[in-house]
>>> print(open('data_20.pdb').read())   # PDB, C-alpha atoms (C1' of nucleotides)
MODEL        1
ATOM      1  CA  MET A   1     116.667 139.048  72.573
ATOM      2  CA  GLU A   2     115.407 135.476  72.634
ATOM      3  CA  SER A   3     116.574 133.031  75.293
ATOM      4  CA  LEU A   4     119.480 130.708  74.604
ATOM      5  CA  HIS A   5     117.392 127.545  74.693
ATOM      6  CA  TYR A   6     114.994 129.052  72.187
ATOM      7  CA  LEU A   7     117.725 130.128  69.803
ATOM      8  CA  LEU A   8     119.300 126.689  69.968
ATOM      9  CA  MET A   9     115.955 125.063  69.229
ATOM     10  CA  LYS A  10     115.211 127.454  66.412
ATOM     11  CA  SER A  11     118.580 127.325  64.663
ATOM     12  CA  HIS A  12     118.572 123.552  64.895
ATOM     13  CA  SER A  13     115.066 123.448  63.524
ATOM     14  CA  VAL A  14     115.839 125.738  60.606
ATOM     15  CA  MET A  15     118.983 123.777  59.804
ATOM     16  CA  GLN A  16     117.081 120.495  59.947
ATOM     17  CA  ARG A  17     114.384 121.756  57.604
ATOM     18  CA  LYS A  18     117.021 122.870  55.121
ATOM     19  CA  ILE A  19     118.831 119.540  55.281
ATOM     20  CA  TYR A  20     115.682 117.451  55.196
ATOM     21  CA  SER A  21     114.183 119.296  52.243
ATOM     22  CA  GLU A  22     117.297 118.376  50.249
ATOM     23  CA  ALA A  23     117.503 114.865  51.649
ATOM     24  CA  GLN A  24     113.926 114.204  50.591
ATOM     25  CA  LYS A  25     114.899 114.873  46.988
ATOM     26  CA  ILE A  26     117.268 111.913  47.066
ATOM     27  CA  GLY A  27     114.702 109.658  48.718
ATOM     28  CA  LEU A  28     115.767 109.881  52.358
ATOM     29  CA  THR A  29     113.503 110.189  55.383
ATOM     30  CA  SER A  30     114.219 112.502  58.288
ATOM     31  CA  GLY A  31     116.153 110.127  60.526
ATOM     32  CA  GLN A  32     118.547 108.889  57.874
ATOM     33  CA  PRO A  33     120.822 111.864  57.049
ATOM     34  CA  LYS A  34     122.577 112.038  60.403
ATOM     35  CA  ILE A  35     123.384 108.351  60.205
ATOM     36  CA  LEU A  36     124.924 108.722  56.768
ATOM     37  CA  ASP A  37     126.830 111.749  58.114
ATOM     38  CA  TYR A  38     128.542 109.425  60.565
ATOM     39  CA  LEU A  39     128.996 106.488  58.228
ATOM     40  CA  TYR A  40     130.718 108.787  55.714
ATOM     41  CA  GLU A  41     133.861 108.544  57.806
ATOM     42  CA  HIS A  42     133.093 105.630  60.110
ATOM     43  CA  GLU A  43     131.875 102.688  58.107
ATOM     44  CA  GLY A  44     131.907  99.452  60.055
ATOM     45  CA  SER A  45     130.880 100.945  63.399
ATOM     46  CA  ASP A  46     128.611  99.039  65.748
ATOM     47  CA  GLN A  47     125.105 100.300  66.454
ATOM     48  CA  LYS A  48     125.740 101.565  69.944
ATOM     49  CA  THR A  49     128.561 103.808  68.754
ATOM     50  CA  ILE A  50     126.510 105.205  65.882
ATOM     51  CA  ALA A  51     123.576 105.911  68.182
ATOM     52  CA  GLY A  52     125.865 107.787  70.559
ATOM     53  CA  TYR A  53     127.119 110.079  67.816
ATOM     54  CA  CYS A  54     123.633 110.609  66.439
ATOM     55  CA  GLU A  55     122.281 111.458  69.895
ATOM     56  CA  ILE A  56     119.528 108.849  69.691
ATOM     57  CA  GLU A  57     118.848 105.652  71.589
ATOM     58  CA  PRO A  58     120.157 102.359  70.183
ATOM     59  CA  ALA A  59     116.575 101.100  69.872
ATOM     60  CA  THR A  60     115.685 104.097  67.733
ATOM     61  CA  LEU A  61     118.703 103.590  65.532
ATOM     62  CA  GLY A  62     117.736  99.964  65.051
ATOM     63  CA  SER A  63     114.370 100.894  63.576
ATOM     64  CA  ILE A  64     115.925 103.436  61.209
ATOM     65  CA  LEU A  65     118.611 100.993  60.112
ATOM     66  CA  LEU A  66     115.918  98.411  59.424
ATOM     67  CA  ARG A  67     114.362 100.704  56.812
ATOM     68  CA  MET A  68     117.752 101.626  55.397
ATOM     69  CA  GLU A  69     118.588  97.956  55.093
ATOM     70  CA  GLN A  70     115.269  97.197  53.384
ATOM     71  CA  LYS A  71     115.932 100.014  50.951
ATOM     72  CA  GLY A  72     119.386  98.693  50.188
ATOM     73  CA  LEU A  73     121.403 101.582  51.619
ATOM     74  CA  ILE A  74     123.269  99.636  54.287
ATOM     75  CA  GLU A  75     123.971  96.133  55.425
ATOM     76  CA  ARG A  76     124.751  94.737  58.841
ATOM     77  CA  ARG A  77     127.495  92.205  59.258
ATOM     78  CA  GLN A  78     129.154  90.447  62.129
ATOM     79  CA  LYS A  79     132.893  90.230  62.535
ATOM     80  CA  ASN A  80     135.626  88.731  64.672
ATOM     81  CA  GLY A  81     133.316  86.027  65.940
ATOM     82  CA  ASN A  82     131.334  88.634  67.904
ATOM     83  CA  ARG A  83     127.708  87.551  67.680
ATOM     84  CA  ARG A  84     126.353  90.219  69.991
ATOM     85  CA  SER A  85     127.259  93.330  67.991
ATOM     86  CA  TRP A  86     126.271  94.174  64.450
ATOM     87  CA  PHE A  87     128.560  96.329  62.320
ATOM     88  CA  VAL A  88     127.102  98.659  59.739
ATOM     89  CA  TYR A  89     128.366  99.013  56.186
ATOM     90  CA  LEU A  90     127.211 101.021  53.180
ATOM     91  CA  THR A  91     126.144  99.211  50.029
ATOM     92  CA  GLU A  92     127.303 100.513  46.648
ATOM     93  CA  ASN A  93     124.059 102.421  46.306
ATOM     94  CA  GLY A  94     124.401 103.593  49.885
ATOM     95  CA  LYS A  95     127.828 104.994  49.124
ATOM     96  CA  GLU A  96     126.462 107.100  46.280
ATOM     97  CA  ILE A  97     123.655 108.466  48.433
ATOM     98  CA  CYS A  98     126.125 109.078  51.233
ATOM     99  CA  GLU A  99     128.312 111.187  48.955
ATOM    100  CA  LYS A 100     125.333 113.239  47.870
ATOM    101  CA  MET A 101     124.237 113.691  51.456
ATOM    102  CA  HIS A 102     127.726 114.816  52.399
ATOM    103  CA  ASP A 103     127.524 117.564  49.786
ATOM    104  CA  ILE A 104     124.129 118.606  51.126
ATOM    105  CA  PHE A 105     125.520 118.916  54.654
ATOM    106  CA  SER A 106     128.465 120.958  53.389
ATOM    107  CA  GLN A 107     126.244 123.291  51.404
ATOM    108  CA  ALA A 108     123.901 123.795  54.346
ATOM    109  CA  ASP A 109     126.829 124.740  56.560
ATOM    110  CA  GLU A 110     128.139 127.119  53.900
ATOM    111  CA  GLN A 111     124.791 128.803  53.540
ATOM    112  CA  ALA A 112     124.444 129.084  57.307
ATOM    113  CA  ILE A 113     127.721 130.951  57.755
ATOM    114  CA  GLU A 114     127.354 133.448  54.933
ATOM    115  CA  GLY A 115     128.580 136.840  56.050
ATOM    116  CA  ILE A 116     130.147 135.484  59.224
ATOM    117  CA  SER A 117     133.920 135.646  59.593
ATOM    118  CA  SER A 118     135.956 132.504  60.068
ATOM    119  CA  GLY A 119     137.015 133.813  63.466
ATOM    120  CA  GLU A 120     133.414 134.121  64.527
ATOM    121  CA  ILE A 121     132.684 130.632  63.263
ATOM    122  CA  GLU A 122     135.477 129.276  65.404
ATOM    123  CA  GLU A 123     134.086 131.260  68.317
ATOM    124  CA  ILE A 124     130.578 129.909  67.921
ATOM    125  CA  LYS A 125     131.800 126.342  67.553
ATOM    126  CA  ASN A 126     133.879 126.656  70.698
ATOM    127  CA  LEU A 127     130.976 128.118  72.623
ATOM    128  CA  LEU A 128     128.551 125.440  71.442
ATOM    129  CA  THR A 129     131.051 122.807  72.506
ATOM    130  CA  LYS A 130     131.359 124.459  75.896
ATOM    131  CA  ILE A 131     127.576 124.602  76.261
ATOM    132  CA  CYS A 132     127.403 120.874  75.576
ATOM    133  CA  HIS A 133     129.987 120.274  78.273
ATOM    134  CA  ASN A 134     128.184 122.472  80.750
ATOM    135  CA  LEU A 135     124.918 120.666  80.244
ATOM    136  CA  ASP A 136     125.990 117.087  80.329
ATOM    137  CA  GLY A 137     129.548 116.900  81.449
ATOM    138  CA  LYS A 138     130.718 115.007  78.387
ATOM    139  CA  ASP A 139     131.419 115.751  74.762
TER     140      ASP A 139
ATOM    141  CA  MET B 140     136.466 120.438  65.073
ATOM    142  CA  GLU B 141     132.959 119.167  64.415
ATOM    143  CA  SER B 142     130.834 120.639  61.629
ATOM    144  CA  LEU B 143     128.394 123.423  62.381
ATOM    145  CA  HIS B 144     125.307 121.361  61.644
ATOM    146  CA  TYR B 145     126.554 118.661  64.006
ATOM    147  CA  LEU B 146     127.268 121.074  66.835
ATOM    148  CA  LEU B 147     123.842 122.650  66.435
ATOM    149  CA  MET B 148     122.196 119.229  66.548
ATOM    150  CA  LYS B 149     124.243 118.147  69.524
ATOM    151  CA  SER B 150     123.834 121.264  71.639
ATOM    152  CA  HIS B 151     120.113 121.285  70.944
ATOM    153  CA  SER B 152     119.914 117.629  71.849
ATOM    154  CA  VAL B 153     121.812 118.038  75.097
ATOM    155  CA  MET B 154     119.696 121.059  76.039
ATOM    156  CA  GLN B 155     116.497 119.163  75.258
ATOM    157  CA  ARG B 156     117.522 116.223  77.389
ATOM    158  CA  LYS B 157     118.257 118.525  80.294
ATOM    159  CA  ILE B 158     114.941 120.324  79.948
ATOM    160  CA  TYR B 159     112.933 117.174  79.385
ATOM    161  CA  SER B 160     114.424 115.349  82.346
ATOM    162  CA  GLU B 161     113.194 118.188  84.577
ATOM    163  CA  ALA B 162     109.867 118.553  82.775
ATOM    164  CA  GLN B 163     109.151 114.876  83.317
ATOM    165  CA  LYS B 164     109.356 115.405  87.056
ATOM    166  CA  ILE B 165     106.381 117.756  86.895
ATOM    167  CA  GLY B 166     104.391 115.414  84.670
ATOM    168  CA  LEU B 167     105.060 116.906  81.250
ATOM    169  CA  THR B 168     105.786 115.023  78.037
ATOM    170  CA  SER B 169     108.437 116.111  75.540
ATOM    171  CA  GLY B 170     106.300 118.279  73.286
ATOM    172  CA  GLN B 171     104.700 120.340  76.029
ATOM    173  CA  PRO B 172     107.494 122.497  77.495
ATOM    174  CA  LYS B 173     108.058 124.646  74.412
ATOM    175  CA  ILE B 174     104.358 125.423  74.231
ATOM    176  CA  LEU B 175     104.282 126.534  77.867
ATOM    177  CA  ASP B 176     107.410 128.599  77.151
ATOM    178  CA  TYR B 177     105.394 130.602  74.641
ATOM    179  CA  LEU B 178     102.161 130.755  76.631
ATOM    180  CA  TYR B 179     104.093 132.152  79.600
ATOM    181  CA  GLU B 180     104.072 135.529  77.891
ATOM    182  CA  HIS B 181     101.499 135.021  75.152
ATOM    183  CA  GLU B 182      98.349 133.572  76.624
ATOM    184  CA  GLY B 183      95.378 133.853  74.298
ATOM    185  CA  SER B 184      97.306 133.233  71.071
ATOM    186  CA  ASP B 185      95.749 131.263  68.230
ATOM    187  CA  GLN B 186      97.155 127.863  67.277
ATOM    188  CA  LYS B 187      98.819 128.936  64.061
ATOM    189  CA  THR B 188     100.846 131.594  65.875
ATOM    190  CA  ILE B 189     101.903 129.211  68.627
ATOM    191  CA  ALA B 190     102.936 126.578  66.099
ATOM    192  CA  GLY B 191     105.049 129.159  64.265
ATOM    193  CA  TYR B 192     106.953 130.077  67.410
ATOM    194  CA  CYS B 193     107.383 126.440  68.416
ATOM    195  CA  GLU B 194     108.687 125.509  64.964
ATOM    196  CA  ILE B 195     106.136 122.727  64.537
ATOM    197  CA  GLU B 196     103.213 122.264  62.158
ATOM    198  CA  PRO B 197      99.759 123.396  63.287
ATOM    199  CA  ALA B 198      98.509 119.813  62.990
ATOM    200  CA  THR B 199     101.227 118.633  65.360
ATOM    201  CA  LEU B 200     100.406 121.392  67.820
ATOM    202  CA  GLY B 201      96.756 120.381  67.718
ATOM    203  CA  SER B 202      97.543 116.875  68.896
ATOM    204  CA  ILE B 203      99.755 118.117  71.732
ATOM    205  CA  LEU B 204      97.145 120.653  72.833
ATOM    206  CA  LEU B 205      94.527 117.910  72.866
ATOM    207  CA  ARG B 206      96.471 116.043  75.531
ATOM    208  CA  MET B 207      97.183 119.225  77.455
ATOM    209  CA  GLU B 208      93.485 120.014  77.390
ATOM    210  CA  GLN B 209      92.569 116.522  78.570
ATOM    211  CA  LYS B 210      95.064 116.877  81.410
ATOM    212  CA  GLY B 211      93.598 120.222  82.395
ATOM    213  CA  LEU B 212      96.605 122.386  81.597
ATOM    214  CA  ILE B 213      94.990 124.568  78.944
ATOM    215  CA  GLU B 214      91.631 125.398  77.469
ATOM    216  CA  ARG B 215      90.671 126.611  74.012
ATOM    217  CA  ARG B 216      88.146 129.388  73.613
ATOM    218  CA  GLN B 217      86.745 131.379  70.766
ATOM    219  CA  LYS B 218      86.530 135.135  70.807
ATOM    220  CA  ASN B 219      85.310 138.144  68.858
ATOM    221  CA  GLY B 220      82.795 136.038  66.970
ATOM    222  CA  ASN B 221      85.652 134.283  65.149
ATOM    223  CA  ARG B 222      84.572 130.666  64.767
ATOM    224  CA  ARG B 223      87.520 129.592  62.678
ATOM    225  CA  SER B 224      90.366 130.216  65.148
ATOM    226  CA  TRP B 225      90.778 128.798  68.616
ATOM    227  CA  PHE B 226      92.627 130.803  71.261
ATOM    228  CA  VAL B 227      94.640 129.035  73.915
ATOM    229  CA  TYR B 228      94.505 129.885  77.620
ATOM    230  CA  LEU B 229      96.133 128.359  80.695
ATOM    231  CA  THR B 230      93.974 126.901  83.430
ATOM    232  CA  GLU B 231      94.824 127.654  87.063
ATOM    233  CA  ASN B 232      96.723 124.392  87.252
ATOM    234  CA  GLY B 233      98.328 125.167  83.903
ATOM    235  CA  LYS B 234      99.573 128.480  85.252
ATOM    236  CA  GLU B 235     101.316 126.768  88.149
ATOM    237  CA  ILE B 236     102.990 124.254  85.885
ATOM    238  CA  CYS B 237     103.901 127.043  83.507
ATOM    239  CA  GLU B 238     105.670 128.957  86.286
ATOM    240  CA  LYS B 239     107.623 125.854  87.243
ATOM    241  CA  MET B 240     108.541 125.218  83.628
ATOM    242  CA  HIS B 241     109.706 128.801  83.251
ATOM    243  CA  ASP B 242     112.128 128.285  86.148
ATOM    244  CA  ILE B 243     113.381 125.083  84.555
ATOM    245  CA  PHE B 244     114.104 126.894  81.292
ATOM    246  CA  SER B 245     115.920 129.675  83.155
ATOM    247  CA  GLN B 246     118.007 127.231  85.125
ATOM    248  CA  ALA B 247     118.914 125.258  82.016
ATOM    249  CA  ASP B 248     120.099 128.446  80.312
ATOM    250  CA  GLU B 249     122.093 129.438  83.390
ATOM    251  CA  GLN B 250     123.776 126.072  83.542
ATOM    252  CA  ALA B 251     124.529 126.186  79.829
ATOM    253  CA  ILE B 252     126.400 129.495  80.017
ATOM    254  CA  GLU B 253     128.514 128.778  83.075
ATOM    255  CA  GLY B 254     131.994 130.153  82.576
ATOM    256  CA  ILE B 255     131.033 132.097  79.446
ATOM    257  CA  SER B 256     131.146 135.897  79.567
ATOM    258  CA  SER B 257     128.044 137.959  78.943
ATOM    259  CA  GLY B 258     129.740 139.451  75.900
ATOM    260  CA  GLU B 259     130.254 135.995  74.448
ATOM    261  CA  ILE B 260     126.650 135.093  75.191
ATOM    262  CA  GLU B 261     125.511 138.135  73.237
ATOM    263  CA  GLU B 262     127.865 137.121  70.452
ATOM    264  CA  ILE B 263     126.554 133.583  70.236
ATOM    265  CA  LYS B 264     122.941 134.732  70.312
ATOM    266  CA  ASN B 265     123.589 137.193  67.509
ATOM    267  CA  LEU B 266     125.340 134.568  65.438
ATOM    268  CA  LEU B 267     122.593 131.989  65.965
ATOM    269  CA  THR B 268     120.052 134.593  64.896
ATOM    270  CA  LYS B 269     122.115 135.328  61.805
ATOM    271  CA  ILE B 270     122.383 131.631  60.983
ATOM    272  CA  CYS B 271     118.589 131.364  61.185
ATOM    273  CA  HIS B 272     118.281 134.275  58.771
ATOM    274  CA  ASN B 273     120.802 132.817  56.387
ATOM    275  CA  LEU B 274     119.022 129.492  56.241
ATOM    276  CA  ASP B 275     115.450 130.564  55.827
ATOM    277  CA  GLY B 276     115.347 134.270  55.228
ATOM    278  CA  LYS B 277     113.076 135.004  58.127
ATOM    279  CA  ASP B 278     113.336 135.253  61.899
TER     280      ASP B 278
ATOM    281  C1'  DT C 279      74.582 137.931  46.645
ATOM    282  C1'  DT C 280      76.800 134.290  45.112
ATOM    283  C1'  DG C 281      80.898 132.037  43.909
ATOM    284  C1'  DT C 282      85.780 131.784  44.467
ATOM    285  C1'  DT C 283      89.778 131.944  47.153
ATOM    286  C1'  DA C 284      92.196 131.910  51.426
ATOM    287  C1'  DT C 285      92.733 130.478  56.102
ATOM    288  C1'  DA C 286      92.360 127.623  60.706
ATOM    289  C1'  DA C 287      91.934 123.542  62.449
ATOM    290  C1'  DT C 288      91.364 118.488  62.373
ATOM    291  C1'  DA C 289      91.831 113.602  60.487
ATOM    292  C1'  DA C 290      94.610 109.998  58.875
ATOM    293  C1'  DT C 291      98.939 107.960  58.038
ATOM    294  C1'  DC C 292     103.756 107.197  58.488
ATOM    295  C1'  DA C 293     108.534 107.916  60.402
ATOM    296  C1'  DT C 294     111.022 109.117  64.381
ATOM    297  C1'  DT C 295     112.000 108.963  69.123
ATOM    298  C1'  DC C 296     111.878 107.516  73.935
ATOM    299  C1'  DT C 297     111.066 104.165  77.662
ATOM    300  C1'  DT C 298     110.748  99.771  79.551
ATOM    301  C1'  DA C 299     111.221  95.030  79.039
ATOM    302  C1'  DT C 300     113.117  91.018  76.861
ATOM    303  C1'  DT C 301     116.470  88.069  74.425
ATOM    304  C1'  DA C 302     120.940  86.709  73.218
ATOM    305  C1'  DT C 303     125.639  86.842  73.932
ATOM    306  C1'  DA C 304     129.961  88.011  76.326
ATOM    307  C1'  DA C 305     132.740  88.638  80.356
ATOM    308  C1'  DT C 306     133.699  87.772  84.959
ATOM    309  C1'  DA C 307     133.552  85.536  89.529
ATOM    310  C1'  DC C 308     133.219  81.687  92.349
TER     311       DC C 308
ATOM    312  C1'  DG D 309     132.808  74.902  84.636
ATOM    313  C1'  DT D 310     128.824  77.119  86.269
ATOM    314  C1'  DA D 311     126.539  81.182  87.874
ATOM    315  C1'  DT D 312     126.256  85.979  87.925
ATOM    316  C1'  DT D 313     126.728  90.310  85.823
ATOM    317  C1'  DA D 314     127.179  93.293  81.938
ATOM    318  C1'  DT D 315     126.346  94.472  77.220
ATOM    319  C1'  DA D 316     124.086  94.725  72.276
ATOM    320  C1'  DA D 317     120.265  94.568  70.033
ATOM    321  C1'  DT D 318     115.218  94.011  69.404
ATOM    322  C1'  DA D 319     110.149  94.302  70.802
ATOM    323  C1'  DA D 320     106.211  96.801  72.287
ATOM    324  C1'  DG D 321     103.768 100.845  73.237
ATOM    325  C1'  DA D 322     103.141 105.853  73.605
ATOM    326  C1'  DA D 323     104.169 110.712  72.234
ATOM    327  C1'  DT D 324     105.968 113.771  68.808
ATOM    328  C1'  DG D 325     106.345 115.472  64.318
ATOM    329  C1'  DA D 326     105.528 115.954  59.157
ATOM    330  C1'  DT D 327     102.495 115.488  55.164
ATOM    331  C1'  DT D 328      98.309 115.318  52.679
ATOM    332  C1'  DA D 329      93.559 115.724  52.537
ATOM    333  C1'  DT D 330      89.293 117.360  54.396
ATOM    334  C1'  DT D 331      86.048 120.409  56.824
ATOM    335  C1'  DA D 332      84.540 124.729  58.355
ATOM    336  C1'  DT D 333      84.731 129.465  58.212
ATOM    337  C1'  DA D 334      86.151 134.065  56.566
ATOM    338  C1'  DA D 335      87.240 137.354  53.045
ATOM    339  C1'  DC D 336      86.802 138.994  48.649
ATOM    340  C1'  DA D 337      85.237 139.629  43.822
ATOM    341  C1'  DA D 338      82.005 139.664  40.186
TER     342       DA D 338
ENDMDL
END
>>> encode(input="data_20.pdb", output="structure tokens")
Amino acid sequence: MESLHYLLMKSHSVMQRKIYSEAQKIGLTSGQPKILDYLYEHEGSDQKTIAGYCEIEPATLGSILLRMEQKGLIERRQKNGNRRSWFVYLTENGKEICEKMHDIFSQADEQAIEGISSGEIEEIKNLLTKICHNLDGKD
Amino acid sequence: MESLHYLLMKSHSVMQRKIYSEAQKIGLTSGQPKILDYLYEHEGSDQKTIAGYCEIEPATLGSILLRMEQKGLIERRQKNGNRRSWFVYLTENGKEICEKMHDIFSQADEQAIEGISSGEIEEIKNLLTKICHNLDGKD
DNA sequence: TTGTTATAATAATCATTCTTATTATAATAC
DNA sequence: GTATTATAATAAGAATGATTATTATAACAA
């Protein structure tokens, strides 16, 4: 049996390829889907928060958002007189793409769990969460 | 509960950070550990095979191997009169680093599974393998 | 044997990602 | 109120990774 770190790398990689191959069809590059995944339910977040969820550095997020802004998927606004943080919103076009991307994520998850019982899915999710805790002490 | 694709991304990310933070201490960059993980038991493989295991494109592997060669970790040789394939071997220094990296991988896995029973570990490994199959039809 | 097809690796280009440093702003301390 | 400290984002530079095209070699077919 393969090692745990290898199986994590491989299953992530296979999942990413699946998601990216679909995302490409709607004009997205590889860094963009995860950001839309977060914005789907958290529009108006600041960049630091989004980066934390996406497990990337704020500087990295900034460069991806720049392209998304240029392509008209998102816009950055300031609010409450705070001139240090930027808050990210979807444009109308961005909302449409975001909906499509949400379906792609759902379908990928469905395909991944074919033939696995809902109890086992719960089990694996709990264990993955525990592994995350073990390795970095936070969630 | 988070979605499956998110938990896979997150646990992979957390594991990678752990591994990379240790790998950095012995002078490795982020792309190198997984290659040493394979060479540990498969010295003398050709580049296409290594790339397949590492879940990266052969062209990407080539650029990482170039730096590893320049740093004296590996060397590429030809064999059996085959002038199309290159076969990858560890140098003496590469072998030492490879041993250290192997320990780092083992320790990361140990830390990840703290407080999880061996039965559950088997379960999660089987399920991750199944998810890989479901998503791309091969192992 | 010669021409076609398939395969292994590299080259070039772009997006992503990290790290370190810098800039701008906010919050706090004195 | 001014100075220090902390925070949010960007800039610059390097490594990783994918994609497409090219080169070199091997295998096969006529």
>>> resolve_selection(input="data_20.pdb", expression="the PyMOL selection byres ((chain C and resi 287-301) around 9)", output="PyMOL selection string")
(chain A and resi 29-31+56-57+59-60+63-64) or (chain B and resi 186-187+197-198+201+223-225) or (chain C and resi 286+302) or (chain D and resi 317-320+322-332)
>>> resolve_selection(input="data_20.pdb", expression="the PyMOL selection byres ((chain A and resi 7-9) around 12)", output="JSON, numbers by chain")
{"A": [1, 2, 3, 4, 5, 6, 10, 11, 12, 13, 14, 15, 16, 124, 128, 131, 132], "B": [144, 146, 147, 148, 149, 150, 151, 152, 153, 154, 155, 158, 173, 192, 193, 194, 195, 248, 251, 260, 261, 263, 264, 265, 266, 267, 268, 269, 270, 271, 272, 278]}
>>> write_last_selection(input="data_20.pdb", atoms="C-alpha atoms", output="compact mmCIF listing (two decimals), in the frame of the given file")
# COMPACT_ATOMS: atom_id res chain seq x y z
CA MET A 1 116.67 139.05 72.57
CA GLU A 2 115.41 135.48 72.63
CA SER A 3 116.57 133.03 75.29
CA LEU A 4 119.48 130.71 74.60
CA HIS A 5 117.39 127.54 74.69
CA TYR A 6 114.99 129.05 72.19
CA LYS A 10 115.21 127.45 66.41
CA SER A 11 118.58 127.32 64.66
CA HIS A 12 118.57 123.55 64.90
CA SER A 13 115.07 123.45 63.52
CA VAL A 14 115.84 125.74 60.61
CA MET A 15 118.98 123.78 59.80
CA GLN A 16 117.08 120.50 59.95
CA ILE A 124 130.58 129.91 67.92
CA LEU A 128 128.55 125.44 71.44
CA ILE A 131 127.58 124.60 76.26
CA CYS A 132 127.40 120.87 75.58
CA HIS B 144 125.31 121.36 61.64
CA LEU B 146 127.27 121.07 66.83
CA LEU B 147 123.84 122.65 66.44
CA MET B 148 122.20 119.23 66.55
CA LYS B 149 124.24 118.15 69.52
CA SER B 150 123.83 121.26 71.64
CA HIS B 151 120.11 121.28 70.94
CA SER B 152 119.91 117.63 71.85
CA VAL B 153 121.81 118.04 75.10
CA MET B 154 119.70 121.06 76.04
CA GLN B 155 116.50 119.16 75.26
CA ILE B 158 114.94 120.32 79.95
CA LYS B 173 108.06 124.65 74.41
CA TYR B 192 106.95 130.08 67.41
CA CYS B 193 107.38 126.44 68.42
CA GLU B 194 108.69 125.51 64.96
CA ILE B 195 106.14 122.73 64.54
CA ASP B 248 120.10 128.45 80.31
CA ALA B 251 124.53 126.19 79.83
CA ILE B 260 126.65 135.09 75.19
CA GLU B 261 125.51 138.14 73.24
CA ILE B 263 126.55 133.58 70.24
CA LYS B 264 122.94 134.73 70.31
CA ASN B 265 123.59 137.19 67.51
CA LEU B 266 125.34 134.57 65.44
CA LEU B 267 122.59 131.99 65.96
CA THR B 268 120.05 134.59 64.90
CA LYS B 269 122.12 135.33 61.80
CA ILE B 270 122.38 131.63 60.98
CA CYS B 271 118.59 131.36 61.18
CA HIS B 272 118.28 134.28 58.77
CA ASP B 278 113.34 135.25 61.90
>>> residues_around(input="data_20.pdb", residues="DG309 (chain D)", least_positions_apart="2", cutoff="12 Å", atoms="all atoms listed in the file", output="list of chain:residue names")
C:DA307, C:DC308, D:DA311
>>> closest_residue(input="data_20.pdb", among="B:Leu200, B:Ile165, B:Ile252, B:Ile174", to="chain C", atoms="all atoms listed in the file")
B:Leu200
>>> residues_around(input="data_20.pdb", residues="Glu22 (chain A)", least_positions_apart="4", cutoff="9 Å", atoms="only C-alpha atoms (C1' of nucleotides)", output="VMD selection string")
chain A and resid 17 to 18 26 28 101 104
>>> closest_residue(input="data_20.pdb", among="B:Gly211, B:Tyr159, B:Asn221, B:Leu204", to="chain D", atoms="all atoms listed in the file")
B:Asn221
>>> residues_around(input="data_20.pdb", residues="Leu175 (chain B)", least_positions_apart="2", cutoff="8 Å", atoms="only C-alpha atoms (C1' of nucleotides)", output="PyMOL selection string")
chain B and resi 171-173+177-179+237+240-241
>>> resolve_selection(input="data_20.pdb", expression="the PyMOL selection byres ((chain C and resi 284) around 8)", output="list in words")
DT283 and DT285 of chain C; DA335 of chain D
>>> write_last_selection(input="data_20.pdb", atoms="C-alpha atoms (C1' of nucleotides)", output="PDB file, keeping the file's coordinate frame")
ATOM      1  C1'  DT C 283      89.778 131.944  47.153  1.00  0.00           C
ATOM      2  C1'  DT C 285      92.733 130.478  56.102  1.00  0.00           C
TER       3       DT C 285
ATOM      4  C1'  DA D 335      87.240 137.354  53.045  1.00  0.00           C
TER       5       DA D 335
END
>>> axis_aligned_box(input="data_20.pdb", around="region 52-67 of chain A", padding_each_side="6 Å", output="lines of an AutoDock Vina configuration file")
center_x = 120.7
center_y = 104.9
center_z = 64.2
size_x = 24.8
size_y = 25.0
size_z = 26.8
>>> atom_distance(input="data_20.pdb", atom1="CA of Asp37 (chain A)", atom2="CA of Arg83 (chain A)")
26.0 Å
>>> atom_distance(input="data_20.pdb", atom1="CA of Leu229 (chain B)", atom2="CA of Glu180 (chain B)")
11.1 Å
>>> atom_distance(input="data_20.pdb", atom1="C1' of DA305 (chain C)", atom2="C1' of DT310 (chain D)")
13.5 Å
>>> closest_residue(input="data_20.pdb", among="A:Glu120, A:Glu69, A:Asp103, A:Glu96", to="chain B", atoms="all atoms listed in the file")
A:Glu120
>>> residues_around(input="data_20.pdb", residues="Tyr89 (chain A)", least_positions_apart="3", cutoff="9 Å", atoms="all atoms listed in the file", output="JSON, numbers by chain")
{"A": [39, 43, 44, 45, 73, 74, 75, 76, 77, 94]}
